[in-house]
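Asker: Hey, dropping query.txt in here, compact mmCIF, C-alpha atoms and all ligand atoms:
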```txt
# COMPACT_ATOMS: atom_id res chain seq x y z
CA MET A 1 -4.67 33.43 -3.45
CA ALA A 2 -3.13 29.97 -3.16
CA GLU A 3 -5.15 27.37 -1.33
CA ARG A 4 -4.63 26.07 2.17
CA ILE A 5 -3.89 22.39 2.44
CA SER A 6 -7.15 20.43 2.12
CA ARG A 7 -8.33 18.70 5.30
CA ALA A 8 -9.36 15.70 3.16
CA LEU A 9 -5.67 14.90 2.60
CA LEU A 10 -4.76 14.90 6.28
CA PRO A 11 -5.06 12.14 8.85
CA ASP A 12 -8.51 12.22 10.53
CA ASN A 13 -7.17 13.40 13.88
CA THR A 14 -5.21 16.40 12.65
CA SER A 15 -5.82 19.72 14.37
CA VAL A 16 -4.22 23.10 14.85
CA ALA A 17 -2.71 24.35 18.11
CA ASP A 18 -3.37 27.95 19.22
CA ASP A 19 -0.05 29.08 17.77
CA GLY A 20 -0.87 27.55 14.34
CA MET A 21 1.24 24.40 14.75
CA ALA A 22 -0.17 21.19 13.23
CA THR A 23 -0.94 18.43 15.71
CA PHE A 24 -1.41 14.78 14.73
CA GLY A 25 -3.38 12.47 17.00
CA GLY A 26 -3.21 15.25 19.59
CA VAL A 27 0.60 15.54 19.47
CA ARG A 28 2.32 18.72 18.28
CA THR A 29 4.63 18.37 15.29
CA ASP A 30 7.49 20.19 17.03
CA ASP A 31 7.21 17.87 20.04
CA LEU A 32 7.33 14.81 17.77
CA VAL A 33 10.43 16.18 16.07
CA THR A 34 12.14 17.00 19.38
CA GLN A 35 11.60 13.41 20.47
CA PHE A 36 12.15 11.49 17.23
CA GLY A 37 13.97 13.79 14.77
CA THR A 38 13.36 14.13 11.02
CA PRO A 39 12.58 12.76 8.51
CA LEU A 40 9.74 11.18 10.42
CA PHE A 41 6.67 9.17 9.39
CA VAL A 42 3.69 9.87 11.66
CA TYR A 43 0.70 7.49 11.46
CA ASP A 44 -2.69 8.31 13.00
CA GLU A 45 -3.66 5.01 14.60
CA ASP A 46 -7.40 5.75 14.94
CA HIS A 47 -7.55 6.77 11.29
CA ILE A 48 -6.18 3.36 10.26
CA ARG A 49 -8.59 1.54 12.59
CA LYS A 50 -11.54 3.42 11.07
CA ARG A 51 -10.51 2.45 7.53
CA CYS A 52 -10.07 -1.19 8.60
CA GLN A 53 -13.53 -1.18 10.19
CA GLU A 54 -15.00 0.29 6.99
CA ALA A 55 -13.29 -2.41 4.91
CA VAL A 56 -14.47 -5.24 7.18
CA LYS A 57 -18.04 -3.93 6.87
CA ALA A 58 -17.78 -3.45 3.10
CA PHE A 59 -16.43 -7.00 2.58
CA PRO A 60 -18.10 -9.13 5.29
CA ASP A 61 -16.89 -12.39 3.69
CA GLY A 62 -13.30 -11.43 4.43
CA VAL A 63 -10.74 -8.72 3.72
CA SER A 64 -6.95 -8.80 3.88
CA TYR A 65 -4.63 -5.83 4.26
CA ALA A 66 -2.09 -5.70 1.40
CA SER A 67 0.98 -5.49 3.58
CA LYS A 68 3.26 -4.24 0.79
CA ALA A 69 1.68 -0.80 1.31
CA PHE A 70 3.36 -0.51 4.73
CA LEU A 71 4.48 -3.31 6.98
CA CYS A 72 5.93 -3.59 10.45
CA LYS A 73 4.82 -5.61 13.45
CA ALA A 74 2.64 -2.80 14.83
CA ILE A 75 0.54 -2.39 11.68
CA ALA A 76 0.21 -6.15 11.19
CA LYS A 77 -1.10 -6.47 14.75
CA LEU A 78 -3.41 -3.49 14.35
CA VAL A 79 -5.12 -4.61 11.14
CA HIS A 80 -5.52 -8.12 12.52
CA GLU A 81 -7.10 -6.79 15.72
CA GLU A 82 -9.60 -5.02 13.47
CA GLY A 83 -10.57 -8.29 11.80
CA MET A 84 -8.43 -8.29 8.68
CA GLY A 85 -6.15 -10.99 7.31
CA LEU A 86 -2.88 -10.08 5.59
CA ASP A 87 -1.83 -10.36 1.97
CA VAL A 88 1.90 -11.10 1.86
CA ALA A 89 3.84 -11.14 -1.39
CA THR A 90 7.17 -12.61 -0.22
CA ILE A 91 8.62 -14.76 2.51
CA GLY A 92 9.88 -11.53 4.10
CA GLU A 93 6.40 -10.06 4.42
CA ALA A 94 5.10 -13.42 5.70
CA TYR A 95 7.90 -13.53 8.29
CA ILE A 96 7.09 -10.09 9.70
CA ALA A 97 3.36 -10.87 9.82
CA LEU A 98 4.03 -14.12 11.70
CA GLN A 99 6.49 -12.41 14.05
CA SER A 100 3.76 -9.89 14.91
CA GLY A 101 1.58 -12.75 16.14
CA VAL A 102 -0.86 -12.91 13.21
CA PRO A 103 -1.80 -16.59 12.76
CA ALA A 104 -0.52 -18.16 9.55
CA SER A 105 -4.05 -19.25 8.69
CA ASP A 106 -4.96 -15.56 8.22
CA LEU A 107 -2.25 -14.95 5.62
CA THR A 108 -2.54 -15.14 1.83
CA LEU A 109 0.68 -15.63 -0.13
CA HIS A 110 1.07 -13.82 -3.46
CA GLY A 111 3.90 -13.54 -5.96
CA ASN A 112 4.44 -14.04 -9.69
CA ASN A 113 7.67 -15.96 -9.06
CA LYS A 114 7.42 -17.72 -5.73
CA SER A 115 10.52 -19.71 -4.93
CA MET A 116 10.46 -23.30 -3.71
CA GLU A 117 11.64 -21.90 -0.37
CA GLU A 118 8.63 -19.58 -0.22
CA LEU A 119 6.16 -22.32 -1.10
CA ARG A 120 7.74 -24.68 1.44
CA TYR A 121 7.57 -21.90 4.05
CA ALA A 122 3.85 -21.50 3.29
CA VAL A 123 3.20 -25.23 3.73
CA ASP A 124 5.43 -25.67 6.80
CA ASN A 125 3.88 -22.68 8.58
CA GLY A 126 0.30 -23.40 7.56
CA ILE A 127 -0.28 -20.20 5.55
CA GLY A 128 -4.01 -19.97 4.88
CA LYS A 129 -4.09 -19.47 1.10
CA VAL A 130 -1.71 -19.30 -1.81
CA VAL A 131 -2.62 -17.36 -4.94
CA ILE A 132 -1.30 -19.36 -7.89
CA ASP A 133 0.24 -17.18 -10.59
CA SER A 134 1.74 -19.49 -13.27
CA PHE A 135 1.88 -23.05 -14.66
CA ASP A 136 5.46 -23.29 -13.36
CA GLU A 137 4.14 -22.59 -9.89
CA ILE A 138 1.65 -25.45 -10.23
CA ASP A 139 4.64 -27.68 -11.14
CA LYS A 140 6.49 -26.48 -8.03
CA ILE A 141 3.46 -27.06 -5.78
CA GLU A 142 3.09 -30.60 -7.12
CA HIS A 143 6.80 -31.26 -6.63
CA LEU A 144 6.53 -30.06 -3.04
CA TYR A 145 3.43 -32.17 -2.40
CA ALA A 146 5.39 -35.29 -3.32
CA THR A 147 7.27 -34.90 -0.03
CA THR A 148 4.86 -32.98 2.22
CA ARG A 149 1.60 -34.75 1.19
CA LYS A 150 -0.14 -31.53 2.35
CA PRO A 151 -2.39 -29.96 -0.30
CA ILE A 152 -2.26 -26.15 -0.58
CA LYS A 153 -5.51 -24.18 -0.30
CA ALA A 154 -5.38 -21.90 -3.31
CA LEU A 155 -6.92 -19.27 -5.55
CA VAL A 156 -5.94 -18.95 -9.20
CA ARG A 157 -4.93 -15.41 -10.22
CA VAL A 158 -6.45 -14.36 -13.51
CA THR A 159 -5.71 -11.31 -15.65
CA PRO A 160 -9.13 -10.20 -16.85
CA GLY A 161 -7.88 -7.89 -19.64
CA VAL A 162 -9.37 -4.78 -18.04
CA GLU A 163 -7.75 -1.36 -18.40
CA ALA A 164 -7.34 0.28 -14.99
CA TYR A 165 -6.45 3.81 -16.25
CA THR A 166 -3.61 4.33 -13.82
CA HIS A 167 0.20 4.52 -14.15
CA LYS A 168 1.51 1.74 -16.41
CA TYR A 169 3.87 0.48 -13.70
CA VAL A 170 0.90 -0.27 -11.43
CA THR A 171 -1.57 -1.68 -13.96
CA THR A 172 -1.70 -5.45 -13.68
CA GLY A 173 -5.02 -6.65 -15.10
CA GLN A 174 -4.35 -6.10 -18.82
CA VAL A 175 -3.55 -8.97 -21.20
CA ASP A 176 0.09 -7.85 -21.54
CA SER A 177 1.03 -8.48 -17.88
CA LYS A 178 3.57 -10.57 -16.00
CA PHE A 179 0.88 -11.50 -13.46
CA GLY A 180 -1.55 -14.38 -13.51
CA PHE A 181 -3.34 -16.32 -16.24
CA THR A 182 -4.93 -14.48 -19.16
CA VAL A 183 -8.66 -14.99 -19.49
CA GLN A 184 -8.99 -14.06 -23.19
CA ASN A 185 -6.53 -16.61 -24.56
CA GLY A 186 -7.90 -19.53 -22.52
CA GLN A 187 -4.89 -19.81 -20.19
CA ALA A 188 -7.02 -19.02 -17.14
CA GLY A 189 -9.45 -21.83 -17.98
CA LYS A 190 -6.58 -24.28 -18.47
CA ALA A 191 -4.97 -23.29 -15.17
CA ILE A 192 -8.27 -23.67 -13.30
CA GLU A 193 -8.85 -27.14 -14.80
CA ARG A 194 -5.33 -28.20 -13.94
CA ALA A 195 -5.51 -26.88 -10.36
CA LYS A 196 -8.93 -28.52 -9.85
CA SER A 197 -7.64 -31.91 -10.92
CA SER A 198 -4.38 -31.71 -8.92
CA GLY A 199 -4.19 -33.61 -5.65
CA ALA A 200 -1.61 -31.04 -4.48
CA ILE A 201 -4.09 -28.15 -4.70
CA ASP A 202 -7.35 -27.49 -2.91
CA LEU A 203 -8.75 -24.88 -5.31
CA ILE A 204 -11.30 -22.65 -3.60
CA GLY A 205 -11.58 -19.71 -5.97
CA LEU A 206 -10.24 -16.99 -8.22
CA HIS A 207 -8.31 -13.78 -7.74
CA ALA A 208 -7.75 -10.67 -9.83
CA HIS A 209 -5.94 -7.43 -9.04
CA ILE A 210 -6.17 -5.01 -11.94
CA GLY A 211 -3.84 -2.32 -10.65
CA SER A 212 -3.32 0.32 -8.02
CA GLN A 213 -4.46 3.95 -7.55
CA ILE A 214 -7.62 3.32 -9.62
CA PHE A 215 -10.29 6.03 -9.77
CA THR A 216 -12.62 4.55 -12.36
CA SER A 217 -15.33 2.42 -10.77
CA ASP A 218 -16.10 1.01 -14.18
CA SER A 219 -12.81 -0.93 -14.18
CA PHE A 220 -13.82 -2.63 -10.92
CA ARG A 221 -17.26 -3.43 -12.38
CA LYS A 222 -15.81 -4.98 -15.53
CA SER A 223 -13.20 -7.01 -13.70
CA THR A 224 -15.71 -8.33 -11.14
CA ASP A 225 -18.11 -9.24 -13.91
CA ILE A 226 -15.44 -11.33 -15.67
CA LEU A 227 -14.46 -13.02 -12.40
CA VAL A 228 -18.08 -13.82 -11.49
CA ASN A 229 -18.72 -15.42 -14.89
CA LEU A 230 -15.56 -17.51 -14.63
CA ALA A 231 -16.30 -18.63 -11.08
CA GLU A 232 -19.84 -19.59 -12.07
CA HIS A 233 -18.61 -21.47 -15.12
CA PHE A 234 -16.09 -23.50 -13.13
CA GLY A 235 -18.23 -23.88 -10.00
CA LEU A 236 -15.79 -22.09 -7.70
CA PRO A 237 -17.18 -20.54 -4.50
CA GLU A 238 -14.74 -17.67 -3.73
CA LEU A 239 -13.60 -14.51 -5.51
CA CYS A 240 -10.95 -12.08 -4.36
CA VAL A 241 -11.21 -8.77 -6.21
CA GLY A 242 -7.74 -7.61 -5.12
CA GLY A 243 -7.01 -4.06 -4.03
CA GLY A 244 -6.34 -0.96 -6.06
CA LEU A 245 -8.80 1.64 -4.80
CA GLY A 246 -7.32 5.09 -5.51
CA VAL A 247 -6.83 7.82 -2.93
CA PRO A 248 -6.50 11.59 -3.41
CA TYR A 249 -2.96 12.97 -3.10
CA LEU A 250 -3.74 16.53 -4.24
CA ASN A 251 -6.21 19.20 -3.12
CA ASP A 252 -8.31 18.88 -6.28
CA GLU A 253 -8.53 15.05 -6.35
CA SER A 254 -11.29 12.85 -4.96
CA SER A 255 -12.06 9.14 -4.93
CA ILE A 256 -14.82 6.73 -4.06
CA SER A 257 -14.82 5.32 -0.53
CA ILE A 258 -14.04 1.76 0.55
CA SER A 259 -17.79 1.33 1.26
CA GLU A 260 -18.74 2.42 -2.27
CA TRP A 261 -16.12 0.09 -3.74
CA GLY A 262 -17.64 -2.77 -1.73
CA ARG A 263 -21.13 -1.87 -2.99
CA ILE A 264 -20.00 -1.79 -6.63
CA VAL A 265 -18.40 -5.23 -6.36
CA HIS A 266 -21.31 -6.77 -4.45
CA ASP A 267 -23.89 -5.33 -6.88
CA ILE A 268 -22.18 -7.24 -9.68
CA SER A 269 -21.81 -10.48 -7.73
CA ASN A 270 -25.41 -10.29 -6.45
CA SER A 271 -26.62 -10.24 -10.04
CA SER A 272 -25.17 -13.72 -10.52
CA SER A 273 -27.22 -16.83 -9.79
CA ALA A 274 -24.33 -18.43 -7.86
CA THR A 275 -23.69 -17.62 -4.21
CA LEU A 276 -20.15 -16.39 -4.09
CA LYS A 277 -17.89 -15.46 -1.22
CA ILE A 278 -16.41 -12.04 -2.11
CA THR A 279 -13.16 -10.90 -0.54
CA SER A 280 -10.70 -8.06 -1.20
CA GLU A 281 -7.19 -6.91 -0.27
CA PRO A 282 -6.84 -3.12 -0.05
CA GLY A 283 -3.51 -1.56 0.92
CA ARG A 284 -3.29 2.09 -0.10
CA SER A 285 -6.88 2.97 0.86
CA ILE A 286 -6.26 1.68 4.41
CA VAL A 287 -3.05 3.54 5.22
CA ALA A 288 -2.14 6.21 2.63
CA SER A 289 -3.85 9.24 4.14
CA SER A 290 -3.31 8.05 7.71
CA ALA A 291 0.28 9.31 7.62
CA VAL A 292 2.40 12.37 6.93
CA THR A 293 6.14 12.75 6.58
CA ILE A 294 7.87 15.55 8.45
CA TYR A 295 11.13 16.92 7.07
CA THR A 296 13.52 19.71 8.09
CA VAL A 297 14.34 22.27 5.42
CA GLY A 298 18.13 22.34 4.87
CA THR A 299 18.70 24.67 1.91
CA ILE A 300 16.64 27.00 -0.27
CA LYS A 301 18.01 27.79 -3.72
CA GLU A 302 16.20 30.39 -5.78
CA ILE A 303 17.00 30.54 -9.49
CA GLU A 304 15.33 33.75 -10.52
CA GLY A 305 12.81 33.32 -13.27
CA VAL A 306 13.29 29.54 -13.21
CA ARG A 307 12.30 27.95 -9.88
CA THR A 308 13.01 27.70 -6.18
CA TYR A 309 14.49 24.43 -4.97
CA VAL A 310 13.80 23.56 -1.35
CA ALA A 311 15.95 20.68 -0.12
CA VAL A 312 14.95 18.60 2.87
CA ASP A 313 16.71 15.90 4.90
CA GLY A 314 14.80 13.04 3.21
CA GLY A 315 14.25 12.17 -0.42
CA MET A 316 13.78 9.22 -2.75
CA HIS A 317 14.91 6.85 0.01
CA ASP A 318 11.78 7.56 2.07
CA ASN A 319 9.44 8.23 -0.85
CA PRO A 320 10.48 6.86 -4.25
CA ARG A 321 7.00 7.26 -5.80
CA PRO A 322 7.63 10.66 -7.44
CA ALA A 323 10.85 9.35 -9.05
CA LEU A 324 9.26 6.01 -10.03
CA TYR A 325 5.83 7.09 -11.21
CA GLY A 326 5.96 10.88 -11.37
CA SER A 327 3.53 10.94 -8.44
CA ASP A 328 2.46 14.33 -7.08
CA TYR A 329 2.15 15.43 -3.47
CA GLU A 330 1.17 18.56 -1.56
CA THR A 331 3.39 20.35 0.97
CA PHE A 332 2.78 22.68 3.90
CA LEU A 333 4.58 24.25 6.82
CA ALA A 334 3.91 22.53 10.14
CA ARG A 335 3.89 25.83 12.05
CA SER A 336 1.19 27.43 9.87
CA ILE A 337 -0.95 24.57 8.56
CA ASN A 338 -4.02 26.81 8.18
CA GLU A 339 -2.31 29.56 6.21
CA PRO A 340 -2.56 29.93 2.43
CA ARG A 341 0.43 28.70 0.44
CA GLU A 342 1.53 31.46 -1.89
CA GLN A 343 4.99 30.36 -2.94
CA LYS A 344 5.76 27.86 -5.74
CA ILE A 345 8.61 25.48 -4.96
CA THR A 346 10.19 22.25 -6.09
CA LEU A 347 10.81 20.03 -3.08
CA VAL A 348 13.92 17.89 -3.43
CA GLY A 349 15.82 15.42 -1.28
CA LYS A 350 19.48 14.98 -0.40
CA HIS A 351 20.47 12.28 -2.92
CA CYS A 352 23.03 12.57 -5.71
CA GLU A 353 20.32 12.45 -8.40
CA SER A 354 18.51 15.24 -10.20
CA GLY A 355 15.52 12.91 -10.21
CA ASP A 356 15.45 13.01 -6.41
CA VAL A 357 12.32 15.16 -6.42
CA LEU A 358 9.63 14.80 -3.74
CA VAL A 359 7.21 17.44 -5.05
CA LYS A 360 7.72 18.87 -8.51
CA GLU A 361 5.27 21.76 -8.38
CA GLY A 362 4.59 22.41 -4.71
CA ASP A 363 2.84 25.28 -2.95
CA ILE A 364 4.18 26.48 0.36
CA GLN A 365 3.62 29.36 2.74
CA ASP A 366 5.52 32.53 1.78
CA ASP A 367 7.69 32.85 4.91
CA LEU A 368 9.47 29.47 4.55
CA VAL A 369 13.01 29.56 5.99
CA VAL A 370 15.87 27.09 6.48
CA GLY A 371 15.21 25.01 9.60
CA ASP A 372 11.43 24.98 9.09
CA LEU A 373 9.47 21.75 9.53
CA LEU A 374 7.82 20.91 6.22
CA VAL A 375 5.12 18.24 5.89
CA THR A 376 4.05 16.08 2.95
CA PRO A 377 0.67 14.38 3.52
CA VAL A 378 -0.67 11.04 2.20
CA THR A 379 2.64 9.23 2.60
CA GLY A 380 1.35 6.22 4.53
CA ALA A 381 1.40 3.78 1.58
CA TYR A 382 4.36 2.74 -0.57
CA GLY A 383 6.65 5.30 1.09
CA HIS A 384 8.56 3.70 3.94
CA SER A 385 7.82 0.26 2.47
CA MET A 386 9.37 1.11 -0.90
CA GLY A 387 12.23 3.00 0.68
CA SER A 388 15.89 2.15 0.46
CA ASN A 389 19.34 2.88 1.83
CA TYR A 390 20.48 4.56 -1.40
CA ASN A 391 23.55 6.71 -0.78
CA LYS A 392 23.70 4.83 2.53
CA VAL A 393 21.08 7.14 3.93
CA LEU A 394 19.46 5.86 7.14
CA ARG A 395 15.78 4.93 6.94
CA PRO A 396 13.53 7.25 8.98
CA ALA A 397 11.69 6.40 12.17
CA VAL A 398 7.95 5.67 12.21
CA VAL A 399 5.68 6.70 15.07
CA PHE A 400 2.03 5.97 15.74
CA VAL A 401 0.01 8.73 17.42
CA GLN A 402 -3.27 8.39 19.29
CA GLY A 403 -5.11 10.36 21.97
CA GLY A 404 -2.27 12.81 22.59
CA LYS A 405 0.39 10.08 22.86
CA SER A 406 3.05 8.86 20.45
CA ARG A 407 4.81 5.51 20.30
CA LEU A 408 7.83 4.56 18.26
CA VAL A 409 7.12 1.52 16.06
CA LEU A 410 10.20 1.57 13.80
CA ARG A 411 13.31 3.26 15.13
CA ARG A 412 15.47 5.43 12.90
CA GLU A 413 18.33 3.38 11.47
CA GLU A 414 21.79 3.88 12.90
CA LEU A 415 25.10 3.87 11.08
CA SER A 416 25.85 0.38 12.41
CA ASP A 417 22.69 -0.94 10.67
CA LEU A 418 24.43 -0.23 7.38
CA LEU A 419 26.96 -2.96 8.16
CA ASN A 420 24.43 -5.57 9.35
CA SER A 421 24.96 -7.76 6.31
CA ASP A 422 28.54 -6.72 5.51
CA VAL A 423 30.67 -9.78 6.25
CA ALA A 424 34.00 -8.70 4.74
C1 LIG B 1 -2.09 -8.73 -5.56
C2 LIG B 1 -2.28 -7.39 -4.94
N1 LIG B 1 -3.28 -7.23 -4.08
C3 LIG B 1 -3.50 -6.04 -3.46
C4 LIG B 1 -2.68 -4.95 -3.71
C5 LIG B 1 -2.94 -3.68 -3.00
O1 LIG B 1 -3.24 -2.63 -3.85
P1 LIG B 1 -3.59 -1.20 -3.28
O2 LIG B 1 -2.54 -0.82 -2.33
O3 LIG B 1 -3.62 -0.34 -4.48
O4 LIG B 1 -4.94 -1.31 -2.63
C6 LIG B 1 -1.62 -5.09 -4.61
C7 LIG B 1 -0.75 -3.95 -4.92
O5 LIG B 1 0.01 -3.88 -5.81
C8 LIG B 1 -1.41 -6.35 -5.25
O6 LIG B 1 -0.40 -6.54 -6.10
```
Show me this structure written as structure tokens.
Ligand SMILES: Cc1ncc(COP(=O)(O)O)c(C=O)c1O

Answerer:
Amino acid sequence: MAERISRALLPDNTSVADDGMATFGGVRTDDLVTQFGTPLFVYDEDHIRKRCQEAVKAFPDGVSYASKAFLCKAIAKLVHEEGMGLDVATIGEAYIALQSGVPASDLTLHGNNKSMEELRYAVDNGIGKVVIDSFDEIDKIEHLYATTRKPIKALVRVTPGVEAYTHKYVTTGQVDSKFGFTVQNGQAGKAIERAKSSGAIDLIGLHAHIGSQIFTSDSFRKSTDILVNLAEHFGLPELCVGGGLGVPYLNDESSISISEWGRIVHDISNSSSATLKITSEPGRSIVASSAVTIYTVGTIKEIEGVRTYVAVDGGMHDNPRPALYGSDYETFLARSINEPREQKITLVGKHCESGDVLVKEGDIQDDLVVGDLLVTPVTGAYGHSMGSNYNKVLRPAVVFVQGGKSRLVLRREELSDLLNSDVA
């Protein structure tokens, strides 16, 4: 018999109504859909707060939320209320964080190719830290300093040459990487020396992010060890170990917790003679399993002996991860969340692409019909944020649920939004 959906993949405050309907944060799925339509992202606010609190405890010297995972004003405000700063990778992410009321001093600016405009924005707005990624960026910072006379507080990003054993598109810590300064070939050392001696830079530490969706604690150990040795060698007081902690997407997957990750990193740094400030910037592990996406089934096409395609009203515009990385997800019917899933399906979207697949090998309850509400869990990270308007599809709405109430935080796009930047 096929398995039910695992509770470990669902937002913490998921339950089942008497008639079998899934409820999120105390709100029934069908009520959410009546009010907000589909496709719909539903985030469990208390679930996110709990993960933030765990992260703040695991990294008491400071932890930033990697806003690329999912960003809007509501989430920026929420993570900041819980004591986190924000990692922003572009001027756009910085803008939204600032508009939400997060002070600039609590932002860290990333990017392997920051523009002059972005660096100037950081200086003008008083962004707390900049993570330096290249020698050209040091040139740009020095050029900027000639007019602003304001030094930038910075970390140097190093690539420690550690294999993260995850998808190649999200590994970043290996020698062959576009990010940061390589440790093995001496570039990292040169960059640190140059930043230390520059009047334009107030160098406070080092940064490394070895990749995303990492399940092997050994990679975190190795990377931290390299960072600790470098920081000790150059007498730098702060280390940011990046993000990257993996989360389960499928019933049979499991991962270490944020607390365990913190322990692993601190065990390594505590073995050093130097007293180091250890910070981190998780994204996925804060928000991924806090959210589900609800779709309406539009067509069911059975090709006997081949497969059954189930098409929903979303697709690669609300979740490009399967098309980009071949990522897998689970599926279930909202009206019978606790029932076993005996039917094999391929869940597809509405785009003009055969690659528009949301779940390649999905399990679903046997009595699925057109018009059903179908749910994919663990869509809180790199779903809405990586989404697009491909085929001029409108981006879905996002709601936060808590204590039996829902609030709209991003409205569904309207047709007129598609012409916002069209000036012809
Ligand atoms: C520099 C940096 N920090 C943090 C993160 C967050 O990673 P994750 O969402 O896997 O925790 C990323 C993601 O790519 C990143 O590039």

Asker: Rounded to one decimal place, report the CA of Thr275 in chain A-CA of Tyr65 in chain A distance in Å.

Answerer: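 These two atoms are separated by 24.0 Å.
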
Asker: Select, from A:Val33, A:Leu408, A:Ile138, A:Ile294, the residue with the minimum atom-to-atom distance to Ser197 in chain A, counting all atoms listed in the file.

Answerer: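 For Ser197 in chain A, the nearest of the candidates is A:Ile138.
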
Asker: Set the cut-off to 6 Å, count all atoms listed in the file, and list whatever residues fall near ligand LIG 1 (chain B) as a list in words.

Answerer: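 The distance check yields Ala66, Ala69, His209, Ser212, Gln213, Gly242, Gly243, Gly244, Leu245, Glu281, Pro282, Gly283, Arg284 and Ser285 of chain A.
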
Asker: So that I can see what lies close to Gln184 in chain A, please list as a VMD selection string the residues with an atom at most 12 Å from it, counting all atoms listed in the file and leaving out residues fewer than 2 positions away in the same chain.

Answerer: chain A and resid 158 to 162 173 to 176 181 to 182 186 to 190 226 230

Asker: How would you write as a PyMOL selection string the residues that get within 10 Å of (18.2, 4.2, 16.7) in the file's frame, counting all atoms listed in the file?

Answerer: chain A and resi 36+394+396-397+410-417

Asker: Give me the residues near Gly199 in chain A as a ChimeraX atom specification, where near means some atom within 9 Å (using only C-alpha atoms) and where sequence neighbours in that chain fewer than 2 positions away do not count.

Answerer: /A:142,145,151,195-197,201-202

Asker: Within 7 Å of range 302-320 of chain A, which residues of range 359-402 of chain A come that close, and what is the closest atom pair and distance in Å for each? Count all atoms listed in the file and give it as CSV.

Answerer:
```
residue,atom,partner,partner_atom,distance
A:Gly383,CA,A:Asn319,CA,4.5
A:His384,CA,A:Asp318,CA,5.4
A:Met386,CA,A:Pro320,CA,6.7
A:Gly387,CA,A:His317,CA,4.7
A:Ser388,CA,A:His317,CA,4.8
A:Asn389,CA,A:His317,CA,6.2
A:Tyr390,CA,A:His317,CA,6.2
A:Arg395,CA,A:Asp318,CA,6.8
```

Asker: So, with all atoms listed in the file as the atoms that count, which of A:Asp328, A:Asn420, A:Ile192, A:Thr147 lies closest to Asp124 in chain A?

Answerer: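 Using all atoms listed in the file, Asp124 in chain A sits closest to A:Thr147.
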
Asker: Rank nothing, just name the residue among A:Val401, A:Cys72, A:Val375, A:Ala323 nearest to Leu358 in chain A, using only C-alpha atoms.

Answerer: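 Counting only C-alpha atoms, the residue closest to Leu358 in chain A is A:Ala323.
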
Asker: Of the candidates A:Ser15, A:Ser115, A:Thr293, A:Thr299, which shows the shortest atom-to-atom distance to Gly37 in chain A, using all atoms listed in the file?

Answerer: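 Smallest separation from Gly37 in chain A among the options: A:Thr293.
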
Asker: Might you pull out every residue within 9 Å of Ser64 in chain A, with only C-alpha atoms counted and same-chain residues fewer than 2 positions away left off, and present them as a count of residues only?

Answerer: 19

Asker: Would you kindly return, as a list in words, each protein, DNA or RNA residue with an atom no farther than 9 Å from any atom of Gly262 in chain A, considering all atoms listed in the file and excluding same-chain residues fewer than 6 positions away?

Answerer: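 Counting only the stated atoms, we get Ala55, Lys57, Ala58, Phe59 and Ser280 of chain A.
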
Asker: Work out how far CA of Ala291 in chain A is from CA of Val399 in chain A, in Å to one decimal.

Answerer: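 Answer for the CA of Val399 in chain A to CA of Ala291 in chain A separation: 9.6 Å.
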
Asker: Of the residues A:Ile278, A:Ala424, A:Val63, A:Ile268, which is the one nearest to Pro237 in chain A, using all atoms listed in the file?

Answerer: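 Under the stated criterion, the closest residue is A:Ile278.
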
Asker: How many Å lie between CA of Val369 in chain A and CA of Thr23 in chain A, rounded to one decimal?

Answerer: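 Separation between CA of Val369 in chain A and CA of Thr23 in chain A: 20.3 Å.
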
Asker: Rank A:Gln35, A:Asn113, A:Asn13, A:Ser336 by their smallest atom-to-atom distance to Leu373 in chain A, using only C-alpha atoms, and report the top residue only.

Answerer: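 Looking only at the distances to Leu373 in chain A, the closest residue turns out to be A:Ser336.
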
Asker: Please work out which residues fall within 6 Å of (7.4, 12.6, 8.2), coordinates as given in the file, with all atoms listed in the file counting, and return them as an MDAnalysis selection string.

Answerer: chainID A and resid 39:42 292:295

Asker: How would range 243-249 of chain A look with N, CA and C atoms restored, written as a CSV table (one decimal), in the frame of the given file?

Answerer:
```csv
chain,number,residue,atom,x,y,z
A,243,GLY,N,-6.9,-5.4,-4.6
A,243,GLY,CA,-7.0,-4.1,-4.0
A,243,GLY,C,-7.1,-3.0,-5.1
A,244,GLY,N,-6.5,-1.9,-5.0
A,244,GLY,CA,-6.3,-1.0,-6.1
A,244,GLY,C,-7.1,0.3,-5.9
A,245,LEU,N,-8.0,0.4,-4.9
A,245,LEU,CA,-8.8,1.6,-4.8
A,245,LEU,C,-7.9,2.9,-4.7
A,246,GLY,N,-8.2,3.9,-5.5
A,246,GLY,CA,-7.3,5.1,-5.5
A,246,GLY,C,-7.6,6.0,-4.3
A,247,VAL,N,-6.6,6.8,-4.0
A,247,VAL,CA,-6.8,7.8,-2.9
A,247,VAL,C,-6.3,9.2,-3.5
A,248,PRO,N,-7.0,10.3,-3.0
A,248,PRO,CA,-6.5,11.6,-3.4
A,248,PRO,C,-5.1,11.9,-2.8
A,249,TYR,N,-4.3,12.5,-3.6
A,249,TYR,CA,-3.0,13.0,-3.1
A,249,TYR,C,-2.9,14.5,-3.2
```
